[in-house]
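Only one structure is covered here, and it is reproduced in the block below.
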Amino acid sequence: MRPGVYIHIPFCENKCPYCSFLVFEKNKISKFENIKIKYARALKTHLKLWKDKLNINQVRTIYFGWGTPLTLGEENLIDITQYVLEIFDPDQIEEISIELNPSPHQKVLKFIKKFNQYFKNIFRIRYSIGIQSLQPEVLKLAWRDYNFISVSTFLRELRNLKQQNNVINLDFIAFGIPRSSNKKDLSKFRHPTYIKFFTDLANSSFVDSFSLYFLELFAWSLWYKYLKQNKLDIKDEDSWEEFNYLKQIITQAGYSRYEVSNFSTSGKESIHNLIYWNLEPYIALWVWWAWFLPQQNGTWIRWENIKNIYEYINIISNDSEEAFSKATKQEVVSHQDLLFEEFFLRLRTKWGIKDIRKYTPILQSSRESKIKELATQDLINYAPPALKLTDKGMDLSNEVITLLTS
Ligand SMILES: C[S@@+](CC[C@H](N)C(=O)[O-])C[C@H]1O[C@@H](n2cnc3c(N)ncnc32)[C@H](O)[C@@H]1O
Ligand code: SF4
């Protein structure tokens, strides 16, 4: 088995008002420097415990994500990566990914330069930069601490640093926030300068892939509260309009939509994310969501870590098999759940489902007529037994999947 490794870094400078991830704001944690060191140590110990428990000798990818990994400090990120390369065969690692914010830009560039030097022999280093928007009113409202000028300087300098084994991914969100409430015309979400800049970026050979997200607000985000209190005017149709506009620029520049929110040039797809979407094995270092590992007897196990980060640090500091079982619980995944997960994840990719018959237990009994109807609406391509979403179907993937499965 050669799993992917997800390394969860749940710290950020500040919590963005639209963010739904469980992140801790650096300044609100007492003795953050101390916690940082302990957490970095716990991650390494947990990785070693995974290795011993499952007898893993090789890993395929390493992914630092979730919050702002650089908050853990460049020395800790380098140290953890070196540790992974030390205990596993470095030649088997296909990709190291790191999520980064474009600010403070000198600090981020300095880190990239250093990381590139340290790991120049790794097959691929993927930097995923959360630009989110280029519009000043959006960046301000979203409390992002950079502006169009600093982002363009950052990207210019990043371009000079980019080395052959680097893949640059940029994250954008279609916020659907108008430039001005007076503007009724179609350009209300777009300032010509930013659109030109975005178009030039997409047409440069510098950016290898884009992640373009539709704004999603969950109940525990601040903007959700504002929306309910009518303090914020965001409409789904506006986010869709912006999403489609940006999507068109990206696809016209030659990027292929390989997953609902991801666009890439050929061969530059995220290897780590493909592991999730193909339901291949991965392990995770502190995160409380579920993940899967196939067992030799053909069943699958879902593992879940303890949710409280302080308890996690304390338990894992013991470095024993007992500590591992206290911190990481397992359950067998039912065949039905597994099929659903696989159907949902694969259908969201451009490769789709190879043989729909495999999913009979989770599909509607009237699926043939549903499929016909969806094909007539240009939402799916059906070449029995293969099924794929069209571009329009990808935009409505949740609705299509619900129609087929519930
Ligand atoms: C796990 S986040 C971490 C990235 C990094 N901390 C940042 O914000 O720049 C990965 C990506 O999720 C996207 N994202 C975060 N909140 C979102 C939301 N409410 N709706 C849609 N996408 C969101 C952003 O594009 C972000 O870059
Ligand atoms: S959007 Fe990114 S930087 Fe903002 S709080 Fe969420 S993870 Fe942190």
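Residue names in the structure tokens use chain letters A, B, ... in the order shown, residue numbers from 1 in each chain, and ligand numbers from 1 in the order shown.
Every protein, DNA or RNA residue with an atom at most 12 Å from A:Asp91, where only C-alpha atoms count and chain neighbours fewer than 2 positions away do not, is listed here: Asn57, Gln58, Val59, Arg60, Thr61, Val84, Leu85, Glu86, Ile87, Phe88, Asp89, Ile93, Glu94, Glu95, Phe119, Asn121, Ile122, Phe123 and Arg124 of chain A.
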Determine, for each residue of chain A having at least one atom at most 9 Å from an atom of ligand 1, the closest pair of atoms and their separation in Å to one decimal, counting only C-alpha atoms and all ligand atoms; order by chain and ascending number, as CSV.
residue,atom,partner,partner_atom_place_in_ligand_line,distance
A:Phe11,CA,ligand 1,6 (N),8.7
A:Cys12,CA,ligand 1,6 (N),7.0
A:Cys16,CA,ligand 1,8 (O),7.7
A:Pro17,CA,ligand 1,19 (N),8.5
A:Tyr18,CA,ligand 1,19 (N),4.8
A:Cys19,CA,ligand 1,16 (N),4.3
A:Ser20,CA,ligand 1,19 (N),5.7
A:Phe21,CA,ligand 1,1 (C),7.0
A:Gly65,CA,ligand 1,1 (C),6.0
A:Trp66,CA,ligand 1,1 (C),3.7
A:Gly67,CA,ligand 1,6 (N),4.3
A:Thr68,CA,ligand 1,6 (N),4.4
A:Pro69,CA,ligand 1,6 (N),7.7
A:Glu99,CA,ligand 1,4 (C),5.6
A:Leu100,CA,ligand 1,5 (C),5.7
A:Asn101,CA,ligand 1,9 (O),4.3
A:Pro102,CA,ligand 1,9 (O),7.3
A:Ser128,CA,ligand 1,27 (O),7.8
A:Ile129,CA,ligand 1,9 (O),6.2
A:Gly130,CA,ligand 1,9 (O),3.4
A:Ile131,CA,ligand 1,9 (O),6.2
A:Gln132,CA,ligand 1,25 (O),5.4
A:Arg144,CA,ligand 1,8 (O),8.7
A:Leu170,CA,ligand 1,27 (O),8.0
A:Asp171,CA,ligand 1,25 (O),4.6
A:Phe172,CA,ligand 1,25 (O),5.1
A:Ile173,CA,ligand 1,25 (O),5.4
A:Ala174,CA,ligand 1,21 (C),7.8
A:Phe175,CA,ligand 1,20 (N),8.1
A:Ser211,CA,ligand 1,25 (O),7.1
A:Leu212,CA,ligand 1,25 (O),7.0
A:Tyr213,CA,ligand 1,22 (N),4.9
A:Phe214,CA,ligand 1,21 (C),5.3
A:Leu215,CA,ligand 1,20 (N),3.8
A:Glu216,CA,ligand 1,20 (N),3.9
A:Leu217,CA,ligand 1,19 (N),5.0
A:Phe218,CA,ligand 1,19 (N),7.2
A:Ser221,CA,ligand 1,19 (N),7.9
A:Trp223,CA,ligand 1,19 (N),8.9
Given only C-alpha atoms as the counted atoms, nearest of A:Gly254, A:Gly298, A:Pro192, A:Gly393 to A:Phe210: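 With only C-alpha atoms as the atom set, the closest residue is A:Gly254.
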Filtered DSSP result for stretch 53-112 of chain A, state helix (DSSP H, G or I), as a PyMOL selection string: chain A and resi 53-54+69-72+74-87+90-92+105-112
Output of the above residues as a PDB file, in the first residue's frame, restricted to C-alpha atoms:
ATOM      1  CA  LYS A  53       0.443   0.112  12.840  1.00  0.00           C
ATOM      2  CA  LEU A  54      -0.213  -0.506   9.145  1.00  0.00           C
ATOM      3  CA  PRO A  69       0.106  25.791   6.935  1.00  0.00           C
ATOM      4  CA  LEU A  70       2.795  28.485   7.044  1.00  0.00           C
ATOM      5  CA  THR A  71       1.409  29.591  10.444  1.00  0.00           C
ATOM      6  CA  LEU A  72       3.159  26.498  11.795  1.00  0.00           C
ATOM      7  CA  GLU A  74       8.671  27.323   7.783  1.00  0.00           C
ATOM      8  CA  GLU A  75      11.143  25.428   9.959  1.00  0.00           C
ATOM      9  CA  ASN A  76       8.383  23.083  11.192  1.00  0.00           C
ATOM     10  CA  LEU A  77       7.016  22.462   7.686  1.00  0.00           C
ATOM     11  CA  ILE A  78      10.500  21.671   6.411  1.00  0.00           C
ATOM     12  CA  ASP A  79      11.245  19.512   9.425  1.00  0.00           C
ATOM     13  CA  ILE A  80       8.029  17.470   9.041  1.00  0.00           C
ATOM     14  CA  THR A  81       8.655  17.023   5.302  1.00  0.00           C
ATOM     15  CA  GLN A  82      12.221  15.895   5.966  1.00  0.00           C
ATOM     16  CA  TYR A  83      10.900  13.442   8.515  1.00  0.00           C
ATOM     17  CA  VAL A  84       8.462  11.959   5.980  1.00  0.00           C
ATOM     18  CA  LEU A  85      11.313  11.585   3.476  1.00  0.00           C
ATOM     19  CA  GLU A  86      13.452  10.002   6.171  1.00  0.00           C
ATOM     20  CA  ILE A  87      11.007   7.306   7.243  1.00  0.00           C
ATOM     21  CA  PRO A  90      11.647   9.677  -1.085  1.00  0.00           C
ATOM     22  CA  ASP A  91      11.801   8.279  -4.630  1.00  0.00           C
ATOM     23  CA  GLN A  92       8.257   6.976  -4.251  1.00  0.00           C
ATOM     24  CA  HIS A 105       4.081  38.101   0.355  1.00  0.00           C
ATOM     25  CA  GLN A 106       7.807  38.392   1.126  1.00  0.00           C
ATOM     26  CA  LYS A 107       7.492  35.767   3.860  1.00  0.00           C
ATOM     27  CA  VAL A 108       5.631  33.382   1.551  1.00  0.00           C
ATOM     28  CA  LEU A 109       8.117  33.848  -1.295  1.00  0.00           C
ATOM     29  CA  LYS A 110      11.036  33.323   1.077  1.00  0.00           C
ATOM     30  CA  PHE A 111       9.423  30.084   2.219  1.00  0.00           C
ATOM     31  CA  ILE A 112       8.845  28.865  -1.350  1.00  0.00           C
TER      32      ILE A 112
END
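Closest approach to ligand 2 among A:Leu22, A:Ile62, A:Val167, A:Leu43: A:Leu22, based on only C-alpha atoms and all ligand atoms.
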